[in-house]
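Colleague: I'm passing along start_30.pdb; it holds PDB, C-alpha atoms.
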ATOM      1  CA  MET A   1     116.591 138.892 115.637  1.00  0.00           C
ATOM      2  CA  LEU A   2     114.120 137.911 112.920  1.00  0.00           C
ATOM      3  CA  PRO A   3     110.430 138.795 113.286  1.00  0.00           C
ATOM      4  CA  THR A   4     108.158 135.969 114.390  1.00  0.00           C
ATOM      5  CA  PRO A   5     105.754 134.642 111.731  1.00  0.00           C
ATOM      6  CA  ARG A   6     102.170 135.491 112.680  1.00  0.00           C
ATOM      7  CA  LYS A   7     100.223 133.984 109.774  1.00  0.00           C
ATOM      8  CA  TYR A   8     100.264 130.638 108.017  1.00  0.00           C
ATOM      9  CA  PHE A   9      98.346 128.488 105.588  1.00  0.00           C
ATOM     10  CA  LEU A  10      98.472 124.962 104.214  1.00  0.00           C
ATOM     11  CA  THR A  11      98.734 124.054 100.552  1.00  0.00           C
ATOM     12  CA  ALA A  12      99.093 120.838  98.587  1.00  0.00           C
ATOM     13  CA  ALA A  13      99.321 120.442  94.822  1.00  0.00           C
ATOM     14  CA  SER A  14     100.653 118.154  92.113  1.00  0.00           C
ATOM     15  CA  ALA A  15     101.870 118.807  88.599  1.00  0.00           C
ATOM     16  CA  GLU A  16     103.750 117.428  85.622  1.00  0.00           C
ATOM     17  CA  GLY A  17     106.876 118.867  84.030  1.00  0.00           C
ATOM     18  CA  ASN A  18     109.366 118.144  81.284  1.00  0.00           C
ATOM     19  CA  ASP A  19     112.104 117.519  83.858  1.00  0.00           C
ATOM     20  CA  PRO A  20     112.209 117.151  87.661  1.00  0.00           C
ATOM     21  CA  LEU A  21     112.826 120.836  88.368  1.00  0.00           C
ATOM     22  CA  THR A  22     109.972 122.060  86.176  1.00  0.00           C
ATOM     23  CA  ALA A  23     107.649 119.446  87.717  1.00  0.00           C
ATOM     24  CA  PHE A  24     108.588 120.824  91.156  1.00  0.00           C
ATOM     25  CA  ASP A  25     108.164 124.426  89.956  1.00  0.00           C
ATOM     26  CA  ASN A  26     104.778 123.617  88.411  1.00  0.00           C
ATOM     27  CA  ALA A  27     103.623 122.020  91.682  1.00  0.00           C
ATOM     28  CA  LEU A  28     104.723 125.174  93.542  1.00  0.00           C
ATOM     29  CA  LEU A  29     102.733 127.291  91.074  1.00  0.00           C
ATOM     30  CA  ALA A  30      99.683 125.032  91.411  1.00  0.00           C
ATOM     31  CA  GLY A  31      99.973 125.360  95.197  1.00  0.00           C
ATOM     32  CA  GLY A  32     100.070 129.147  95.047  1.00  0.00           C
ATOM     33  CA  ILE A  33     103.689 129.490  96.212  1.00  0.00           C
ATOM     34  CA  GLY A  34     105.585 129.426  92.923  1.00  0.00           C
ATOM     35  CA  ASN A  35     106.539 133.091  92.873  1.00  0.00           C
ATOM     36  CA  VAL A  36     108.122 133.329  96.312  1.00  0.00           C
ATOM     37  CA  ASN A  37     111.473 132.154  97.665  1.00  0.00           C
ATOM     38  CA  LEU A  38     111.020 129.286 100.096  1.00  0.00           C
ATOM     39  CA  ILE A  39     113.330 129.066 103.085  1.00  0.00           C
ATOM     40  CA  ARG A  40     112.976 125.518 104.361  1.00  0.00           C
ATOM     41  CA  VAL A  41     112.316 125.339 108.088  1.00  0.00           C
ATOM     42  CA  SER A  42     111.697 122.517 110.517  1.00  0.00           C
ATOM     43  CA  SER A  43     108.492 121.813 112.253  1.00  0.00           C
ATOM     44  CA  ILE A  44     107.400 124.330 114.874  1.00  0.00           C
ATOM     45  CA  LEU A  45     104.508 126.747 114.398  1.00  0.00           C
ATOM     46  CA  PRO A  46     105.171 129.916 116.419  1.00  0.00           C
ATOM     47  CA  PRO A  47     102.796 130.762 119.295  1.00  0.00           C
ATOM     48  CA  GLY A  48      99.900 132.956 118.223  1.00  0.00           C
ATOM     49  CA  ALA A  49     100.249 132.248 114.486  1.00  0.00           C
ATOM     50  CA  GLU A  50      96.892 132.764 112.763  1.00  0.00           C
ATOM     51  CA  PHE A  51      95.576 130.457 110.021  1.00  0.00           C
ATOM     52  CA  ILE A  52      94.657 132.530 106.953  1.00  0.00           C
ATOM     53  CA  GLU A  53      93.213 130.508 104.064  1.00  0.00           C
ATOM     54  CA  GLY A  54      94.157 132.002 100.706  1.00  0.00           C
ATOM     55  CA  LEU A  55      96.878 134.216 102.165  1.00  0.00           C
ATOM     56  CA  ILE A  56      98.534 136.290  99.434  1.00  0.00           C
ATOM     57  CA  ILE A  57     102.299 136.728  99.755  1.00  0.00           C
ATOM     58  CA  PRO A  58     104.090 139.333  97.609  1.00  0.00           C
ATOM     59  CA  PRO A  59     106.157 137.851  94.744  1.00  0.00           C
ATOM     60  CA  GLY A  60     109.860 137.482  95.509  1.00  0.00           C
ATOM     61  CA  SER A  61     109.339 137.369  99.277  1.00  0.00           C
ATOM     62  CA  LEU A  62     111.546 135.186 101.455  1.00  0.00           C
ATOM     63  CA  VAL A  63     109.076 132.769 103.044  1.00  0.00           C
ATOM     64  CA  PRO A  64     109.892 130.344 105.879  1.00  0.00           C
ATOM     65  CA  THR A  65     108.159 127.133 104.804  1.00  0.00           C
ATOM     66  CA  ALA A  66     107.912 123.579 106.078  1.00  0.00           C
ATOM     67  CA  TYR A  67     107.360 121.327 103.078  1.00  0.00           C
ATOM     68  CA  GLY A  68     107.618 117.834 101.713  1.00  0.00           C
ATOM     69  CA  TYR A  69     107.642 116.716  98.108  1.00  0.00           C
ATOM     70  CA  ILE A  70     108.259 113.749  95.860  1.00  0.00           C
ATOM     71  CA  ILE A  71     109.207 113.649  92.191  1.00  0.00           C
ATOM     72  CA  SER A  72     108.770 110.571  90.016  1.00  0.00           C
ATOM     73  CA  ASP A  73     109.572 109.745  86.403  1.00  0.00           C
ATOM     74  CA  VAL A  74     107.802 106.378  86.496  1.00  0.00           C
ATOM     75  CA  PRO A  75     104.674 106.606  84.308  1.00  0.00           C
ATOM     76  CA  GLY A  76     101.604 105.317  86.127  1.00  0.00           C
ATOM     77  CA  GLU A  77     103.160 105.563  89.595  1.00  0.00           C
ATOM     78  CA  LEU A  78     100.965 107.070  92.326  1.00  0.00           C
ATOM     79  CA  ILE A  79     102.725 109.676  94.467  1.00  0.00           C
ATOM     80  CA  ALA A  80     101.409 111.813  97.317  1.00  0.00           C
ATOM     81  CA  ALA A  81     102.438 114.567  99.695  1.00  0.00           C
ATOM     82  CA  ALA A  82     100.816 115.901 102.853  1.00  0.00           C
ATOM     83  CA  VAL A  83     101.416 118.424 105.605  1.00  0.00           C
ATOM     84  CA  GLY A  84      99.706 118.862 108.920  1.00  0.00           C
ATOM     85  CA  VAL A  85      99.647 121.411 111.686  1.00  0.00           C
ATOM     86  CA  GLY A  86      98.882 120.251 115.201  1.00  0.00           C
ATOM     87  CA  LEU A  87      97.603 122.912 117.546  1.00  0.00           C
ATOM     88  CA  SER A  88      97.855 123.099 121.318  1.00  0.00           C
ATOM     89  CA  GLU A  89      96.190 125.401 123.809  1.00  0.00           C
ATOM     90  CA  ASN A  90      97.913 128.767 124.215  1.00  0.00           C
ATOM     91  CA  THR A  91     101.355 127.659 123.043  1.00  0.00           C
ATOM     92  CA  PHE A  92     103.239 126.684 119.921  1.00  0.00           C
ATOM     93  CA  GLY A  93     102.109 124.157 117.334  1.00  0.00           C
ATOM     94  CA  VAL A  94     103.863 121.377 115.463  1.00  0.00           C
ATOM     95  CA  ILE A  95     104.127 120.941 111.691  1.00  0.00           C
ATOM     96  CA  MET A  96     104.716 117.568 110.044  1.00  0.00           C
ATOM     97  CA  GLU A  97     105.498 116.841 106.387  1.00  0.00           C
ATOM     98  CA  PHE A  98     105.324 113.596 104.395  1.00  0.00           C
ATOM     99  CA  ALA A  99     105.808 112.538 100.780  1.00  0.00           C
ATOM    100  CA  GLY A 100     105.865 109.046  99.322  1.00  0.00           C
ATOM    101  CA  ARG A 101     104.695 106.473  96.837  1.00  0.00           C
ATOM    102  CA  CYS A 102     101.183 106.065  98.155  1.00  0.00           C
ATOM    103  CA  SER A 103      97.665 107.495  98.008  1.00  0.00           C
ATOM    104  CA  ARG A 104      96.472 110.796  99.402  1.00  0.00           C
ATOM    105  CA  ARG A 105      94.580 108.969 102.137  1.00  0.00           C
ATOM    106  CA  GLU A 106      97.691 107.065 103.187  1.00  0.00           C
ATOM    107  CA  ALA A 107      99.670 110.323 103.304  1.00  0.00           C
ATOM    108  CA  GLU A 108      96.961 111.991 105.416  1.00  0.00           C
ATOM    109  CA  ALA A 109      96.933 109.028 107.825  1.00  0.00           C
ATOM    110  CA  ARG A 110     100.726 109.213 108.178  1.00  0.00           C
ATOM    111  CA  ILE A 111     100.538 112.932 108.977  1.00  0.00           C
ATOM    112  CA  GLU A 112      97.814 112.418 111.576  1.00  0.00           C
ATOM    113  CA  ALA A 113      99.855 109.677 113.279  1.00  0.00           C
ATOM    114  CA  MET A 114     103.024 111.801 113.181  1.00  0.00           C
ATOM    115  CA  LEU A 115     101.229 114.770 114.765  1.00  0.00           C
ATOM    116  CA  ARG A 116      99.824 112.578 117.539  1.00  0.00           C
ATOM    117  CA  ASP A 117     103.309 111.153 118.175  1.00  0.00           C
ATOM    118  CA  ALA A 118     104.917 114.619 118.192  1.00  0.00           C
ATOM    119  CA  PHE A 119     102.467 115.898 120.793  1.00  0.00           C
ATOM    120  CA  ALA A 120     102.819 112.770 122.929  1.00  0.00           C
ATOM    121  CA  SER A 121     106.627 113.126 122.827  1.00  0.00           C
ATOM    122  CA  ARG A 122     106.312 116.710 124.051  1.00  0.00           C
ATOM    123  CA  GLY A 123     103.736 115.877 126.731  1.00  0.00           C
ATOM    124  CA  MET A 124     101.353 118.381 125.139  1.00  0.00           C
ATOM    125  CA  LYS A 125      97.622 118.132 124.522  1.00  0.00           C
ATOM    126  CA  LEU A 126      96.654 118.117 120.827  1.00  0.00           C
ATOM    127  CA  VAL A 127      93.461 120.193 120.551  1.00  0.00           C
ATOM    128  CA  ASP A 128      93.123 120.522 116.769  1.00  0.00           C
ATOM    129  CA  MET A 129      94.851 119.635 113.537  1.00  0.00           C
ATOM    130  CA  LYS A 130      94.756 120.862 109.970  1.00  0.00           C
ATOM    131  CA  ILE A 131      95.906 118.633 107.096  1.00  0.00           C
ATOM    132  CA  ALA A 132      96.412 119.303 103.378  1.00  0.00           C
ATOM    133  CA  ALA A 133      97.300 116.527 100.938  1.00  0.00           C
ATOM    134  CA  THR A 134      97.551 115.742  97.254  1.00  0.00           C
ATOM    135  CA  GLU A 135      98.130 112.692  95.084  1.00  0.00           C
ATOM    136  CA  HIS A 136      99.222 112.368  91.477  1.00  0.00           C
ATOM    137  CA  ARG A 137      99.341 109.595  88.909  1.00  0.00           C
ATOM    138  CA  VAL A 138     102.563 110.228  86.972  1.00  0.00           C
ATOM    139  CA  VAL A 139     102.286 110.727  83.213  1.00  0.00           C
ATOM    140  CA  LYS A 140     105.909 111.620  82.366  1.00  0.00           C
ATOM    141  CA  ILE A 141     107.566 113.424  85.298  1.00  0.00           C
ATOM    142  CA  GLY A 142     105.322 114.332  88.202  1.00  0.00           C
ATOM    143  CA  CYS A 143     105.665 116.090  91.516  1.00  0.00           C
ATOM    144  CA  SER A 144     103.428 116.117  94.583  1.00  0.00           C
ATOM    145  CA  LEU A 145     104.152 118.856  97.101  1.00  0.00           C
ATOM    146  CA  ALA A 146     102.592 119.939 100.391  1.00  0.00           C
ATOM    147  CA  ALA A 147     103.675 122.987 102.365  1.00  0.00           C
ATOM    148  CA  VAL A 148     103.014 125.271 105.315  1.00  0.00           C
ATOM    149  CA  PRO A 149     104.234 128.771 104.446  1.00  0.00           C
ATOM    150  CA  LEU A 150     104.709 131.134 107.403  1.00  0.00           C
ATOM    151  CA  TRP A 151     104.215 134.876 106.986  1.00  0.00           C
ATOM    152  CA  TYR A 152     104.495 138.073 109.065  1.00  0.00           C
TER     153      TYR A 152
END
Taking this structure as input, can you express it in the form of structure tokens?
Modeller:
Amino acid sequence: MLPTPRKYFLTAASAEGNDPLTAFDNALLAGGIGNVNLIRVSSILPPGAEFIEGLIIPPGSLVPTAYGYIISDVPGELIAAAVGVGLSENTFGVIMEFAGRCSRREAEARIEAMLRDAFASRGMKLVDMKIAATEHRVVKIGCSLAAVPLWY
């Protein structure tokens, strides 16, 4: 059995690159998670996980992460990504991710609506939410990424 993540943070960043993969890598670096190995997970925050802003994770670590991203090679296009964590009382939380061709504000609004829907679907009371978002106007090849890394 794997240990349960007990810490988390939210990050959102955008960057340019010379190709799609380097744009993605540069967005990871800008978001502070470029030197770890992301293991993509779905959208449940474990019970008791503590929010730690600026959490430092050792390079090379395997990090369960819920994330969304978009890459565009259309100069002038506006792209955005956002993540949100919805918190309940004394139980697990829900993580939502979004990325699209829109503004940061639109991405944040989508995340807020998705969190409200997720809690309503579960019959749970939403007591707090945290959202991180970014937007980027593409120059050559751009990436917007938002993530919730989970740590132990």
Colleague: Determine, counting only C-alpha atoms, which protein, DNA and RNA residues have an atom within 7 Å of an atom of segment 135-146 of chain A; residues of the same chain fewer than 2 positions away are not included. Present the result as an MDAnalysis selection string.
Modeller: chainID A and resid 11:20 23:24 27 67:83 103:104 132:133
Colleague: So how many Å separate atom CA of Gly123 of chain A and atom CA of Arg40 of chain A, to one decimal?
Modeller: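 Separation of atom CA of Gly123 of chain A and atom CA of Arg40 of chain A: 26.1 Å.
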Colleague: Here is a test: counting all atoms listed in the file, which residue of A:Val41, A:Ala147, A:Met96, A:Ala30 is nearest to Ala109 of chain A?
Modeller: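 The shortest atom-to-atom distance to Ala109 of chain A comes from A:Met96.
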Colleague: As a ChimeraX atom specification, please: the residues near Val127 of chain A (cut-off 8 Å, only C-alpha atoms, same-chain neighbours under 2 positions excluded).
Modeller: /A:86-89,125,129
Colleague: Closest to Leu62 of chain A among A:Ser121, A:Thr134, A:Ser42, A:Asn37, using all atoms listed in the file?
Modeller: A:Asn37
Colleague: For a test of reading the model, state the distance in Å between atom CA of Leu28 of chain A and atom CA of Ala113 of chain A, rounded to one decimal.
Modeller: 25.6 Å
Colleague: Distance atom CA of Pro46 of chain A-atom CA of Lys7 of chain A, one decimal place?
Modeller: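 Those two atoms sit 9.2 Å apart.
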Colleague: The PyMOL selection byres ((chain A and resi 53) around 10) on the file shown: which residues, as a PDB file with C-alpha atoms, in the frame of the given file?
Modeller:
ATOM      1  CA  LYS A   7     100.223 133.984 109.774  1.00  0.00           C
ATOM      2  CA  TYR A   8     100.264 130.638 108.017  1.00  0.00           C
ATOM      3  CA  PHE A   9      98.346 128.488 105.588  1.00  0.00           C
ATOM      4  CA  LEU A  10      98.472 124.962 104.214  1.00  0.00           C
ATOM      5  CA  THR A  11      98.734 124.054 100.552  1.00  0.00           C
ATOM      6  CA  GLU A  50      96.892 132.764 112.763  1.00  0.00           C
ATOM      7  CA  PHE A  51      95.576 130.457 110.021  1.00  0.00           C
ATOM      8  CA  ILE A  52      94.657 132.530 106.953  1.00  0.00           C
ATOM      9  CA  GLY A  54      94.157 132.002 100.706  1.00  0.00           C
ATOM     10  CA  LEU A  55      96.878 134.216 102.165  1.00  0.00           C
ATOM     11  CA  ILE A  56      98.534 136.290  99.434  1.00  0.00           C
TER      12      ILE A  56
END
Colleague: Give as a PDB file with C-alpha atoms, in the frame of the given file every residue, naming chains and numbers as the document does, that has an atom within 6 Å of (105.2, 119.8, 117.6), counting all atoms listed in the file.
Modeller:
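Final output, saved to selection_19.pdb:
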ATOM      1  CA  ILE A  44     107.400 124.330 114.874  1.00  0.00           C
ATOM      2  CA  GLY A  93     102.109 124.157 117.334  1.00  0.00           C
ATOM      3  CA  VAL A  94     103.863 121.377 115.463  1.00  0.00           C
ATOM      4  CA  ALA A 118     104.917 114.619 118.192  1.00  0.00           C
ATOM      5  CA  PHE A 119     102.467 115.898 120.793  1.00  0.00           C
TER       6      PHE A 119
END
Colleague: Can you spell out as number ranges by chain the set of residues that the PyMOL selection byres ((chain A and resi 4) around 10) selects in the structure I just provided?
Modeller: A: 1-3, 5-7, 45-49, 150-152
Colleague: Smallest atom-to-atom distance to Ser61 of chain A: which of A:Gly100, A:Pro149, A:Thr22, A:Val85, using all atoms listed in the file?
Modeller: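 Residue with the minimum atom-to-atom distance to Ser61 of chain A: A:Pro149.
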Colleague: From the options A:Ile131, A:Ile95, A:Leu38, A:Cys102, which residue's atoms come nearest to Asp117 of chain A, counting only C-alpha atoms?
Modeller: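 Checking each candidate against Asp117 of chain A, we get A:Ile95 as the closest.
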Colleague: Of the residues A:Leu21, A:Pro59, A:Pro64, A:Met124, which is the one nearest to Asn35 of chain A, using only C-alpha atoms?
Modeller: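 Selected residue with least distance to Asn35 of chain A: A:Pro59.
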Colleague: From the list A:Ile33, A:Thr65, A:Phe92, A:Glu106, which residue is nearest Arg122 of chain A when using only C-alpha atoms?
Modeller: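 Among A:Ile33, A:Thr65, A:Phe92, A:Glu106, it is A:Phe92 that comes nearest to Arg122 of chain A.
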